Amino acid sequence: MRLRRGIGLAVMALTVASGCSGTEAAAGDPGPSRPPAGSGASPSTPEKGGRPADQAGAERVAQRFVTAANAGDEAGVAATFAENARFDSVGRIYPSRKSIMNDFLIPEVLRVGGRYKVSGKRWEAGRHVVDYDFSTGHGGSESFSYAYLIRDGLIRDVIGRYH
C-alpha cells in the first residue's frame, strides 16, 4: 500500500512538473510570430483563415520588394528583408539577407534586368503567396510563386516554387 502511494505521488509530481515546464517555455519564448511584450505592436499571429493580423501591411512589403526589384534597386530590395531572413528558392537555401542578395537576387534577378509580373495572390497558413511571371532582360521567362512570411514590416522567410 505504501509503495503504491509513493508511486502515485511520484507520477503526480512528474505530471505537474512537466506541465509547468512546458507552460513556462511557451510563455518565455514569444517566437517569431509574436511581438515582444509591451512593444505596443499588434500581434502578427495568424487569425481565422491563416492570415496575419497585419495582412495589408504584409502585402505592402511584398509589393515594395517587387517594385524595388523591377527598378533594379539593390538597396531597396535589401531593405525589405530582415538581416536573418531565409530564402528557399526551389531547394536552394539562402540563410541571411547578405546571402539572399549576394548569392541569389543580385546575380540572378537584379543584374539580368529581371521583371516580376504578379499573376495571382492568396493567403495560405499565415503566408502571403504571390504568383509571378518572371522575365529577364534577355528573353528568358518562367512562372513561380513566393510564399512570404512577413513580420514587423520585414520579410523573414520566403519559399519559392515553380508552377
# chains A, B, ... in the order shown; residues from 1 in each chain; ligands from 1

call {"tool": "residues_around", "arguments": {"residues": "stretch 128-144 of chain A", "least_positions_apart": "3", "cutoff": "12 Å", "atoms": "only C-alpha atoms", "output": "ChimeraX atom specification"}}
result
/A:46,49-52,54-63,65-66,69-70,72,89-90,107-125,147-151,155-163

call {"tool": "write_last_selection", "arguments": {"atoms": "C-alpha atoms", "output": "compact mmCIF listing (two decimals), in the first residue's frame"}}
result
# COMPACT_ATOMS: atom_id res chain seq x y z
CA PRO A 46 -2.44 34.01 -37.91
CA GLY A 49 -8.23 31.79 -42.46
CA GLY A 50 -4.48 31.71 -41.79
CA ARG A 51 -3.98 35.45 -42.29
CA PRO A 52 -1.73 37.54 -40.07
CA ASP A 54 -1.50 42.96 -40.40
CA GLN A 55 -2.40 41.45 -43.76
CA ALA A 56 -2.42 44.78 -45.58
CA GLY A 57 1.00 45.68 -44.17
CA ALA A 58 2.45 42.34 -45.27
CA GLU A 59 1.05 42.81 -48.76
CA ARG A 60 2.65 46.29 -48.94
CA VAL A 61 6.06 44.81 -48.02
CA ALA A 62 5.78 42.20 -50.79
CA GLN A 63 4.82 44.97 -53.23
CA PHE A 65 10.05 44.13 -52.83
CA VAL A 66 8.67 43.75 -56.38
CA ALA A 69 13.42 44.56 -57.81
CA ASN A 70 11.77 45.70 -61.05
CA GLY A 72 16.96 47.22 -60.19
CA SER A 89 14.50 29.09 -53.84
CA VAL A 90 13.34 25.69 -55.05
CA PRO A 107 23.25 37.96 -59.81
CA GLU A 108 20.08 36.11 -60.89
CA VAL A 109 17.41 38.82 -60.79
CA LEU A 110 18.68 42.38 -60.49
CA ARG A 111 21.75 42.31 -62.74
CA VAL A 112 19.95 40.44 -65.54
CA GLY A 113 17.19 43.04 -65.70
CA GLY A 114 14.62 40.67 -64.24
CA ARG A 115 10.99 41.78 -64.08
CA TYR A 116 8.32 40.32 -61.83
CA LYS A 117 4.71 40.47 -63.02
CA VAL A 118 2.13 39.48 -60.42
CA SER A 119 -0.29 36.89 -61.79
CA GLY A 120 -2.10 35.99 -58.55
CA LYS A 121 -2.20 36.46 -54.77
CA ARG A 122 -3.59 34.50 -51.85
CA TRP A 123 -3.04 33.66 -48.19
CA GLU A 124 -2.01 30.18 -47.05
CA ALA A 125 -1.10 29.21 -43.48
CA ALA A 147 5.27 32.32 -50.12
CA TYR A 148 6.30 35.24 -47.90
CA LEU A 149 6.42 35.17 -44.11
CA ILE A 150 6.39 38.85 -43.18
CA ARG A 151 6.61 40.13 -39.62
CA ILE A 155 10.38 39.62 -44.99
CA ARG A 156 11.51 36.89 -42.60
CA ASP A 157 11.22 33.82 -44.80
CA VAL A 158 10.36 33.03 -48.42
CA ILE A 159 9.57 29.71 -50.05
CA GLY A 160 9.91 29.92 -53.83
CA ARG A 161 8.45 27.19 -56.03
CA TYR A 162 7.98 26.77 -59.79
CA HIS A 163 4.49 26.21 -61.14

call {"tool": "select_by_dssp", "arguments": {"residues": "stretch 90-129 of chain A", "states": "strand (DSSP E)", "output": "compact mmCIF listing (two decimals) with N, CA and C atoms, in the first residue's frame"}}
result
# COMPACT_ATOMS: atom_id res chain seq x y z
N ARG A 92 17.22 25.60 -52.93
CA ARG A 92 18.49 26.29 -52.64
C ARG A 92 18.21 27.24 -51.49
N ILE A 93 18.90 27.04 -50.38
CA ILE A 93 18.63 27.80 -49.16
C ILE A 93 19.66 28.92 -49.01
N TYR A 94 19.14 30.14 -48.82
CA TYR A 94 19.98 31.31 -48.55
C TYR A 94 19.63 31.74 -47.13
N ARG A 115 12.26 41.07 -64.34
CA ARG A 115 10.99 41.78 -64.08
C ARG A 115 9.96 40.79 -63.56
N TYR A 116 9.39 41.12 -62.41
CA TYR A 116 8.32 40.32 -61.83
C TYR A 116 6.98 40.92 -62.27
N LYS A 117 6.08 40.06 -62.73
CA LYS A 117 4.71 40.47 -63.02
C LYS A 117 3.80 39.59 -62.18
N VAL A 118 3.02 40.22 -61.30
CA VAL A 118 2.13 39.48 -60.42
C VAL A 118 1.00 38.87 -61.24
N SER A 119 0.79 37.56 -61.07
CA SER A 119 -0.29 36.89 -61.79
C SER A 119 -1.35 36.33 -60.84
N GLY A 120 -1.12 36.44 -59.53
CA GLY A 120 -2.10 35.99 -58.55
C GLY A 120 -1.59 36.20 -57.14
N LYS A 121 -2.54 36.28 -56.18
CA LYS A 121 -2.20 36.46 -54.77
C LYS A 121 -3.20 35.68 -53.93
N ARG A 122 -2.72 35.19 -52.79
CA ARG A 122 -3.59 34.50 -51.85
C ARG A 122 -2.86 34.37 -50.51
N TRP A 123 -3.61 33.92 -49.51
CA TRP A 123 -3.04 33.66 -48.19
C TRP A 123 -3.15 32.19 -47.89
N GLU A 124 -2.04 31.59 -47.44
CA GLU A 124 -2.01 30.18 -47.05
C GLU A 124 -1.19 30.04 -45.78
N ARG A 127 0.96 32.85 -44.62
CA ARG A 127 1.93 33.38 -45.59
C ARG A 127 1.19 34.05 -46.74
N HIS A 128 1.77 35.15 -47.18
CA HIS A 128 1.26 35.85 -48.36
C HIS A 128 1.92 35.20 -49.57
N VAL A 129 1.13 34.49 -50.36
CA VAL A 129 1.65 33.77 -51.52
C VAL A 129 1.35 34.59 -52.77

call {"tool": "atom_distance", "arguments": {"atom1": "atom CA of A:Arg86", "atom2": "atom CA of A:Lys98"}}
result
10.1 Å

call {"tool": "atom_distance", "arguments": {"atom1": "atom CA of A:Ala75", "atom2": "atom CA of A:Asp152"}}
result
18.8 Å
